[in-house]
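Undergrad: Have a look at this one.
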Amino acid sequence: MLTPLQTRARFAVTLTFITNGLVVGAFVARIPDIKIELAVSNSTLSLCLLASAFGVFAALPLAGRLCAKYGSSPVAFVGTFAMVAAYVLQSFSLITVWTFAVTSFIAGFALATQDVAMNSHAVTLEHLSGKRLMSVFHAMFSIGGFSGGILGGLASQLGLSYSIQTVIICLIISLAALYVRDHWLPGSADIHELEVGEKIHRPALIWLFGIFGLCSTIGEGAAGDWGGILTRESFGASPFVSAIPYVAFSATMILGRFSGDYLATRFGAARVLATGGLIASSGMTIGLLLNSTLGAIFGWFWLGTGLSVAIPLLFSAAGSLANKRFAGQIPPAQAVAMVSGISYFGFIIGPPFIGFVSDLSSLRTAMFIPALLALTIVASARFAKSA
């Protein structure tokens, strides 16, 4: 049973996960429109997306240190407003490829700062309450992504500009952040500042969790960045229909993550991870072989189902190991940031690599890559038993 203070903090973390997903989903749904406005190829668009992913990667070590020094709650609050400002700036930058790439880097940096802080706070809440909560929190991110995808698809269909859409969504996010400002646990709840001269140890097992997470995020990134373009350009789908694969992906991520904590408690994280990897790989492969809009929706549906529990279980395992097995060696916030950093490298190399391969062959062919990588998540099962 959570205490009243922990219940309030759970609400704050929940709402923050939703807003993080909302801004991502709304952006992803407009990628086909952004490509048209910039008049670029898949490869060039990949480089712009690469800039955003590099922003994420660059922010992770700093965000982990800030959370360890000041606590995750103040970093999450400030990070939310940094994210809002960055995405509004990005939405008005569709002038040249370079302006869009630069602002995408800034947006990725701000997004990752908020992301590490909210995940670190979630790990702290799990540790203090003794309850599995991470999968449900990530379900809230998927709810945000699902809602953002629908809003972005409708805005595109109605001809609303990406900039106006972003301003409206970011205003809502800002009001939500102000509303939960006093709901967080105090910063002192998870400060783990190291003594002068004390060094952080980075256990090999934490690295390994990050590598397995990377295989998952390559699939997540590819699903978000290329689903709309595949259906619109290869199968002639309308702007709204082209957003459906990502919406289906987000919907199954929601369902999978809502049940993830229960399934991991009942059957063990290892079995859940292994099953998820098999579902993601086989479902995506079958969907791509169908070679149609319905096939893409089918593939994205099962990819989301299978990948839904991977990242939350790996993040939770990293935080648990830092609090127990590696206590005094690495702060939980930096363990989460470390797994995030390695995992999110999938967002850096995945979407651009898919774009380059698609220019050499076809986008449909390139999408078999995340289907294959999903199988590696099965291997994470044996290591999750130690968390």
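Ligands are numbered from 1 in the order shown, residues from 1 within each chain, and chains are lettered A, B, ... in the order they appear in the structure tokens.
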Residues near Ala53 of chain A, anyone? I mean within 12 Å using only C-alpha atoms, not counting same-chain ones fewer than 4 positions away, as a ChimeraX atom specification.
TA: /A:46-49,57-60,101-112,217-218,221,225,341-352
Undergrad: Those residues with N, CA and C atoms, as a short mmCIF file (atom, residue, chain, number, x, y, z; two decimals), in the first residue's frame please?
TA:
```cif
data_model
loop_
_atom_site.label_atom_id
_atom_site.label_comp_id
_atom_site.auth_asym_id
_atom_site.auth_seq_id
_atom_site.Cartn_x
_atom_site.Cartn_y
_atom_site.Cartn_z
N SER A 46 16.46 11.17 -42.57
CA SER A 46 17.13 10.34 -41.56
C SER A 46 18.18 11.14 -40.80
N LEU A 47 18.91 11.99 -41.51
CA LEU A 47 19.93 12.80 -40.85
C LEU A 47 19.32 13.79 -39.88
N CYS A 48 18.16 14.34 -40.23
CA CYS A 48 17.46 15.25 -39.31
C CYS A 48 17.00 14.51 -38.07
N LEU A 49 16.45 13.31 -38.28
CA LEU A 49 16.04 12.49 -37.14
C LEU A 49 17.25 12.06 -36.31
N PHE A 57 20.89 11.39 -26.79
CA PHE A 57 22.09 10.70 -26.31
C PHE A 57 23.01 11.64 -25.54
N ALA A 58 23.13 12.88 -26.02
CA ALA A 58 24.03 13.84 -25.36
C ALA A 58 23.52 14.24 -23.99
N ALA A 59 22.20 14.24 -23.80
CA ALA A 59 21.62 14.71 -22.55
C ALA A 59 21.68 13.69 -21.43
N LEU A 60 21.72 12.40 -21.77
CA LEU A 60 21.54 11.36 -20.76
C LEU A 60 22.57 11.37 -19.63
N ALA A 101 17.31 20.53 -38.30
CA ALA A 101 18.24 19.59 -37.66
C ALA A 101 18.74 20.14 -36.32
N VAL A 102 19.09 21.42 -36.30
CA VAL A 102 19.60 22.04 -35.07
C VAL A 102 18.55 22.05 -33.98
N THR A 103 17.34 22.49 -34.33
CA THR A 103 16.28 22.55 -33.33
C THR A 103 15.82 21.14 -32.92
N SER A 104 15.98 20.17 -33.81
CA SER A 104 15.65 18.79 -33.44
C SER A 104 16.64 18.27 -32.40
N PHE A 105 17.91 18.66 -32.53
CA PHE A 105 18.91 18.28 -31.52
C PHE A 105 18.52 18.85 -30.16
N ILE A 106 18.13 20.11 -30.15
CA ILE A 106 17.74 20.77 -28.89
C ILE A 106 16.51 20.10 -28.30
N ALA A 107 15.53 19.77 -29.15
CA ALA A 107 14.32 19.11 -28.68
C ALA A 107 14.63 17.74 -28.09
N GLY A 108 15.50 16.99 -28.75
CA GLY A 108 15.89 15.69 -28.24
C GLY A 108 16.60 15.78 -26.90
N PHE A 109 17.45 16.79 -26.75
CA PHE A 109 18.20 17.01 -25.50
C PHE A 109 17.23 17.28 -24.35
N ALA A 110 16.27 18.18 -24.58
CA ALA A 110 15.31 18.52 -23.52
C ALA A 110 14.40 17.35 -23.19
N LEU A 111 13.96 16.64 -24.22
CA LEU A 111 13.08 15.48 -24.01
C LEU A 111 13.77 14.43 -23.15
N ALA A 112 15.04 14.16 -23.42
CA ALA A 112 15.77 13.15 -22.68
C ALA A 112 15.99 13.54 -21.23
N THR A 217 14.67 -0.49 -28.66
CA THR A 217 14.42 0.88 -29.11
C THR A 217 14.64 1.07 -30.61
N ILE A 218 15.47 0.22 -31.22
CA ILE A 218 15.58 0.27 -32.67
C ILE A 218 14.22 -0.01 -33.29
N GLY A 221 11.84 3.01 -32.44
CA GLY A 221 12.15 4.18 -33.27
C GLY A 221 11.71 3.99 -34.70
N ASP A 225 9.04 6.36 -36.65
CA ASP A 225 9.53 7.26 -37.70
C ASP A 225 9.13 6.85 -39.11
N GLY A 341 20.94 5.51 -21.88
CA GLY A 341 21.90 5.98 -22.87
C GLY A 341 22.22 4.92 -23.91
N ILE A 342 22.46 3.69 -23.43
CA ILE A 342 22.76 2.61 -24.37
C ILE A 342 21.52 2.25 -25.17
N SER A 343 20.39 2.15 -24.48
CA SER A 343 19.14 1.80 -25.15
C SER A 343 18.77 2.83 -26.20
N TYR A 344 18.85 4.10 -25.84
CA TYR A 344 18.40 5.15 -26.75
C TYR A 344 19.36 5.35 -27.92
N PHE A 345 20.51 4.71 -27.84
CA PHE A 345 21.38 4.72 -29.01
C PHE A 345 20.67 4.06 -30.19
N GLY A 346 19.69 3.20 -29.86
CA GLY A 346 18.87 2.60 -30.91
C GLY A 346 18.09 3.64 -31.68
N PHE A 347 17.66 4.71 -30.99
CA PHE A 347 16.97 5.79 -31.67
C PHE A 347 17.92 6.58 -32.56
N ILE A 348 19.22 6.54 -32.23
CA ILE A 348 20.21 7.25 -33.04
C ILE A 348 20.54 6.47 -34.31
N ILE A 349 20.86 5.19 -34.13
CA ILE A 349 21.31 4.41 -35.29
C ILE A 349 20.16 3.75 -36.05
N GLY A 350 19.03 3.50 -35.36
CA GLY A 350 17.94 2.77 -35.97
C GLY A 350 17.24 3.48 -37.13
N PRO A 351 16.54 4.59 -36.85
CA PRO A 351 15.80 5.26 -37.93
C PRO A 351 16.67 5.69 -39.11
N PRO A 352 17.86 6.30 -38.88
CA PRO A 352 18.69 6.66 -40.04
C PRO A 352 19.15 5.44 -40.83
#
```
Undergrad: Leaving out Phe77 of chain A and any residue of its chain fewer than 3 positions from it, which residues lie within 8 Å of it when counting only C-alpha atoms, given as a compact mmCIF listing (two decimals) with all heavy atoms, in the first residue's frame?
TA:
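Written file, around.txt:
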```txt
# COMPACT_ATOMS: atom_id res chain seq x y z
N SER A 73 13.05 15.05 -8.82
CA SER A 73 11.84 15.86 -8.94
C SER A 73 12.10 17.27 -9.50
O SER A 73 11.40 17.70 -10.42
CB SER A 73 11.09 15.93 -7.61
OG SER A 73 11.93 16.38 -6.57
N PRO A 74 13.09 18.02 -9.00
CA PRO A 74 13.32 19.34 -9.60
C PRO A 74 13.80 19.27 -11.05
O PRO A 74 13.46 20.12 -11.87
CB PRO A 74 14.39 19.97 -8.70
CG PRO A 74 15.04 18.84 -8.00
CD PRO A 74 13.98 17.80 -7.84
N THR A 80 10.60 19.56 -18.02
CA THR A 80 9.33 19.63 -18.75
C THR A 80 9.21 20.95 -19.49
O THR A 80 8.82 20.99 -20.67
CB THR A 80 8.14 19.46 -17.79
OG1 THR A 80 8.21 18.17 -17.18
CG2 THR A 80 6.81 19.61 -18.54
N PHE A 81 9.56 22.05 -18.83
CA PHE A 81 9.45 23.35 -19.49
C PHE A 81 10.53 23.54 -20.55
O PHE A 81 10.31 24.23 -21.55
CB PHE A 81 9.49 24.47 -18.43
CG PHE A 81 8.20 24.61 -17.69
CD1 PHE A 81 8.01 23.98 -16.48
CD2 PHE A 81 7.15 25.33 -18.24
CE1 PHE A 81 6.81 24.08 -15.80
CE2 PHE A 81 5.93 25.44 -17.57
CZ PHE A 81 5.76 24.80 -16.34
N GLN A 114 13.98 15.35 -19.33
CA GLN A 114 12.74 15.04 -18.62
C GLN A 114 12.56 13.53 -18.47
O GLN A 114 12.13 13.03 -17.43
CB GLN A 114 11.53 15.63 -19.36
CG GLN A 114 10.23 15.49 -18.58
CD GLN A 114 9.00 15.41 -19.47
OE1 GLN A 114 9.02 14.74 -20.50
NE2 GLN A 114 7.94 16.09 -19.07
N ALA A 177 2.15 20.48 -15.87
CA ALA A 177 3.37 20.50 -15.05
C ALA A 177 3.20 21.41 -13.84
O ALA A 177 3.65 21.08 -12.73
CB ALA A 177 4.56 20.96 -15.90
N ARG A 181 3.23 20.27 -9.62
CA ARG A 181 4.53 20.72 -9.10
C ARG A 181 4.75 20.31 -7.65
O ARG A 181 5.86 19.91 -7.26
CB ARG A 181 4.64 22.24 -9.22
CG ARG A 181 5.96 22.78 -8.71
CD ARG A 181 6.10 24.27 -8.93
NE ARG A 181 7.43 24.74 -8.59
CZ ARG A 181 7.85 25.99 -8.76
NH1 ARG A 181 7.02 26.90 -9.27
NH2 ARG A 181 9.08 26.34 -8.42
```
Undergrad: Please identify every residue of segment 273-349 of chain A that has at least one atom no farther than 12 Å from an atom of segment 232-251 of chain A, counting only C-alpha atoms, and for each give the shortest atom pair and the distance in Å to one decimal, arranged by chain then increasing number, as a Markdown table.
TA:
```
| residue | atom | partner | partner_atom | distance |
| --- | --- | --- | --- | --- |
| A:Ala280 | CA | A:Phe249 | CA | 10.8 |
| A:Gly283 | CA | A:Phe249 | CA | 11.7 |
| A:Met284 | CA | A:Phe249 | CA | 10.9 |
| A:Gly287 | CA | A:Pro245 | CA | 10.9 |
| A:Leu288 | CA | A:Ser234 | CA | 11.9 |
| A:Leu290 | CA | A:Phe235 | CA | 11.7 |
| A:Asn291 | CA | A:Phe235 | CA | 8.5 |
| A:Ser292 | CA | A:Phe235 | CA | 6.3 |
| A:Thr293 | CA | A:Phe235 | CA | 6.0 |
| A:Leu294 | CA | A:Pro245 | CA | 8.8 |
| A:Gly295 | CA | A:Pro245 | CA | 9.5 |
| A:Ala296 | CA | A:Pro245 | CA | 6.4 |
| A:Ile297 | CA | A:Pro245 | CA | 4.5 |
| A:Phe298 | CA | A:Pro245 | CA | 7.9 |
| A:Gly299 | CA | A:Pro245 | CA | 8.2 |
| A:Trp300 | CA | A:Phe249 | CA | 5.0 |
| A:Phe301 | CA | A:Phe249 | CA | 4.8 |
| A:Trp302 | CA | A:Phe249 | CA | 7.5 |
| A:Leu303 | CA | A:Phe249 | CA | 6.8 |
| A:Gly304 | CA | A:Phe249 | CA | 4.6 |
| A:Thr305 | CA | A:Phe249 | CA | 7.5 |
| A:Gly306 | CA | A:Phe249 | CA | 10.0 |
| A:Leu307 | CA | A:Phe249 | CA | 9.6 |
| A:Ser308 | CA | A:Ser250 | CA | 8.9 |
```
Undergrad: Point out the residue among A:Phe146, A:Ser52, A:Pro312, A:Leu175 with the least atom-to-atom distance to Phe100 of chain A, counting only C-alpha atoms.
TA: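 So, comparing all the options, the nearest one is A:Ser52.
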Undergrad: Got a sec to tell me which of segment 76-283 of chain A DSSP assigns to alpha helix (DSSP H), as JSON, numbers by chain?
TA: {"A": [76, 77, 78, 79, 80, 81, 82, 83, 84, 85, 86, 87, 88, 89, 90, 91, 97, 98, 99, 100, 101, 102, 103, 104, 105, 106, 107, 108, 109, 110, 111, 112, 113, 114, 115, 116, 117, 118, 119, 120, 121, 122, 123, 124, 125, 126, 127, 128, 129, 134, 135, 136, 137, 138, 139, 140, 141, 142, 143, 144, 145, 146, 147, 148, 149, 150, 151, 152, 153, 154, 155, 156, 157, 158, 162, 163, 164, 165, 166, 167, 168, 169, 170, 171, 172, 173, 174, 175, 176, 177, 178, 179, 204, 205, 206, 207, 208, 209, 210, 211, 212, 213, 214, 215, 216, 217, 218, 219, 220, 221, 222, 223, 224, 225, 226, 227, 228, 229, 235, 244, 245, 246, 247, 248, 249, 250, 251, 252, 253, 254, 255, 256, 257, 258, 259, 260, 261, 262, 263, 264, 265, 266, 267, 269, 270, 271, 272, 273, 274, 275, 276, 277, 278, 279, 280, 281, 282, 283]}
Undergrad: So the first atom is atom CA of Leu133 of chain A and the second is atom CA of Phe11 of chain A; what is the distance between them in Å, to one decimal place?
TA: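 Result for atom CA of Leu133 of chain A versus atom CA of Phe11 of chain A: 11.7 Å, one decimal.
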Undergrad: Give me, please, the distance in Å between atom CA of Tyr70 of chain A and atom CA of Leu314 of chain A, quoted to one decimal.
TA: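 Answer for the atom CA of Tyr70 of chain A to atom CA of Leu314 of chain A separation: 24.2 Å.
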Undergrad: Check which residues of segment 302-347 of chain A sit at most 9 Å from segment 201-212 of chain A using only C-alpha atoms, and return one row each with the closest pair of atoms and their distance in Å to one decimal, ordered by chain and rising number, as a Markdown table.
TA:
```
| residue | atom | partner | partner_atom | distance |
| --- | --- | --- | --- | --- |
| A:Ala310 | CA | A:Phe212 | CA | 8.5 |
| A:Ile311 | CA | A:Phe212 | CA | 8.8 |
| A:Leu314 | CA | A:Phe209 | CA | 6.1 |
| A:Phe315 | CA | A:Phe209 | CA | 8.2 |
| A:Ala317 | CA | A:Phe209 | CA | 8.3 |
| A:Ala318 | CA | A:Ile206 | CA | 6.2 |
| A:Leu321 | CA | A:Ile206 | CA | 8.3 |
| A:Ala322 | CA | A:Ile206 | CA | 8.9 |
| A:Phe326 | CA | A:Pro203 | CA | 7.9 |
| A:Gly328 | CA | A:His201 | CA | 8.9 |
| A:Gln329 | CA | A:His201 | CA | 5.2 |
| A:Ile330 | CA | A:His201 | CA | 5.8 |
| A:Ala335 | CA | A:Ile206 | CA | 7.0 |
| A:Val336 | CA | A:Ile206 | CA | 8.8 |
| A:Met338 | CA | A:Gly210 | CA | 7.2 |
| A:Val339 | CA | A:Gly210 | CA | 4.2 |
| A:Ser340 | CA | A:Gly210 | CA | 6.7 |
| A:Gly341 | CA | A:Gly210 | CA | 7.4 |
| A:Ile342 | CA | A:Gly210 | CA | 4.8 |
| A:Ser343 | CA | A:Gly210 | CA | 5.0 |
| A:Tyr344 | CA | A:Gly210 | CA | 8.6 |
```
Undergrad: When you look at Arg30 of chain A with a cut-off of 12 Å (counting only C-alpha atoms), what residues show up, excluding the ones that are within fewer than 5 positions of it in the same chain? I need them as a short mmCIF file (atom, residue, chain, number, x, y, z; two decimals) with N, CA and C atoms, in the first residue's frame.
TA:
```
data_model
loop_
_atom_site.label_atom_id
_atom_site.label_comp_id
_atom_site.auth_asym_id
_atom_site.auth_seq_id
_atom_site.Cartn_x
_atom_site.Cartn_y
_atom_site.Cartn_z
N VAL A 23 3.95 14.63 -26.63
CA VAL A 23 4.73 15.47 -27.53
C VAL A 23 5.45 14.62 -28.58
N VAL A 24 5.88 13.42 -28.18
CA VAL A 24 6.54 12.52 -29.14
C VAL A 24 5.54 12.02 -30.18
N GLY A 25 4.38 11.55 -29.72
CA GLY A 25 3.37 11.03 -30.64
C GLY A 25 2.88 12.06 -31.62
N LYS A 35 8.46 15.98 -43.90
CA LYS A 35 9.26 15.56 -45.05
C LYS A 35 8.83 16.30 -46.32
N ILE A 36 7.52 16.42 -46.50
CA ILE A 36 6.99 17.11 -47.69
C ILE A 36 7.37 18.59 -47.66
N GLU A 37 7.22 19.21 -46.47
CA GLU A 37 7.51 20.64 -46.37
C GLU A 37 8.99 20.94 -46.61
N SER A 91 9.13 23.49 -34.05
CA SER A 91 7.97 23.53 -34.94
C SER A 91 7.98 24.74 -35.87
N GLY A 148 -1.25 11.58 -28.84
CA GLY A 148 -0.54 12.49 -29.73
C GLY A 148 -0.61 12.07 -31.17
N GLY A 149 -0.55 10.73 -31.41
CA GLY A 149 -0.67 10.23 -32.77
C GLY A 149 -2.02 10.54 -33.39
N ILE A 150 -3.08 10.37 -32.60
CA ILE A 150 -4.42 10.67 -33.09
C ILE A 150 -4.56 12.17 -33.37
N LEU A 151 -4.12 12.98 -32.41
CA LEU A 151 -4.22 14.44 -32.59
C LEU A 151 -3.41 14.90 -33.79
N GLY A 152 -2.20 14.35 -33.93
CA GLY A 152 -1.36 14.73 -35.06
C GLY A 152 -1.96 14.29 -36.39
N GLY A 153 -2.54 13.08 -36.42
CA GLY A 153 -3.18 12.59 -37.64
C GLY A 153 -4.37 13.43 -38.03
N LEU A 154 -5.20 13.78 -37.05
CA LEU A 154 -6.36 14.63 -37.32
C LEU A 154 -5.93 16.03 -37.77
N ALA A 155 -4.91 16.58 -37.09
CA ALA A 155 -4.42 17.91 -37.46
C ALA A 155 -3.89 17.91 -38.89
N SER A 156 -3.19 16.83 -39.27
CA SER A 156 -2.68 16.72 -40.63
C SER A 156 -3.82 16.63 -41.63
N GLN A 157 -4.82 15.81 -41.33
CA GLN A 157 -5.97 15.65 -42.22
C GLN A 157 -6.72 16.96 -42.41
N GLY A 159 -5.38 19.89 -42.16
CA GLY A 159 -4.50 20.92 -42.71
C GLY A 159 -3.97 21.90 -41.70
N LEU A 160 -4.05 21.57 -40.40
CA LEU A 160 -3.51 22.44 -39.35
C LEU A 160 -2.00 22.35 -39.37
N SER A 161 -1.31 23.48 -39.31
CA SER A 161 0.15 23.46 -39.37
C SER A 161 0.75 22.79 -38.14
N TYR A 162 1.94 22.21 -38.34
CA TYR A 162 2.63 21.54 -37.24
C TYR A 162 2.95 22.53 -36.12
N SER A 163 3.27 23.77 -36.46
CA SER A 163 3.63 24.76 -35.44
C SER A 163 2.44 25.10 -34.55
N GLN A 165 -0.23 23.24 -34.04
CA GLN A 165 -0.49 22.02 -33.28
C GLN A 165 0.43 21.94 -32.06
N THR A 166 1.71 22.21 -32.26
CA THR A 166 2.70 22.09 -31.18
C THR A 166 2.47 23.12 -30.09
N GLY A 224 7.95 4.27 -35.04
CA GLY A 224 7.46 5.64 -34.97
C GLY A 224 7.81 6.47 -36.19
N ASP A 225 9.04 6.36 -36.65
CA ASP A 225 9.53 7.26 -37.70
C ASP A 225 9.13 6.85 -39.11
N TRP A 226 8.94 5.53 -39.34
CA TRP A 226 8.77 5.08 -40.72
C TRP A 226 7.42 4.46 -41.04
N GLY A 227 6.59 4.20 -40.04
CA GLY A 227 5.29 3.60 -40.30
C GLY A 227 4.41 4.44 -41.20
N GLY A 228 4.34 5.74 -40.90
CA GLY A 228 3.51 6.63 -41.70
C GLY A 228 4.01 6.77 -43.13
N ILE A 229 5.33 6.86 -43.27
CA ILE A 229 5.91 7.02 -44.61
C ILE A 229 5.73 5.75 -45.44
N PRO A 239 -3.43 10.78 -45.38
CA PRO A 239 -2.68 11.28 -44.22
C PRO A 239 -3.15 10.68 -42.89
N PHE A 240 -4.48 10.56 -42.72
CA PHE A 240 -4.96 10.01 -41.45
C PHE A 240 -4.67 8.51 -41.35
N SER A 242 -2.35 6.87 -42.74
CA SER A 242 -0.91 6.64 -42.60
C SER A 242 -0.44 6.77 -41.15
N ALA A 243 -1.25 7.40 -40.31
CA ALA A 243 -0.91 7.52 -38.90
C ALA A 243 -1.36 6.30 -38.10
N TYR A 246 1.22 3.68 -36.38
CA TYR A 246 1.81 4.16 -35.12
C TYR A 246 0.78 4.18 -34.01
#
```
Undergrad: Determine, counting only C-alpha atoms, which protein, DNA and RNA residues have an atom within 9 Å of an atom of segment 18-22 of chain A; residues of the same chain fewer than 2 positions away are not included. Present the result as a PyMOL selection string.
TA: chain A and resi 13-16+24-27+80+83+111+114-115+137-149+169-170+172-173+176-177
Undergrad: One decimal, in Å: what's the spacing between atom CA of Ile369 of chain A and atom CA of Pro32 of chain A?
TA: 21.2 Å
Undergrad: Extract, using only C-alpha atoms, all DNA, RNA and protein residues at most 12 Å from Ala68 of chain A, discarding same-chain residues fewer than 5 positions from it, and format them as an NGL selection string.
TA: :A and (61-63 or 73-75 or 116-117 or 120-121 or 124 or 187-195 or 200 or 330-337)
Undergrad: Might you pull out every residue within 7 Å of Leu38 of chain A, with only C-alpha atoms counted and same-chain residues fewer than 2 positions away left off, and present them as an NGL selection string?
TA: :A and (34-36 or 40 or 94 or 96-97)
Undergrad: Return the single residue from A:Gly319, A:Leu363, A:Tyr87, A:Ala264 that is closest to Ile164 of chain A, with distances computed using only C-alpha atoms.
TA: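 Checking each candidate against Ile164 of chain A, we get A:Tyr87 as the closest.
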Undergrad: Nearest to Leu125 of chain A among A:Thr285, A:Ser316, A:Ile31, A:Ile168, with distances taken over only C-alpha atoms: which residue is it?
TA: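 So, comparing all the options, the nearest one is A:Ser316.
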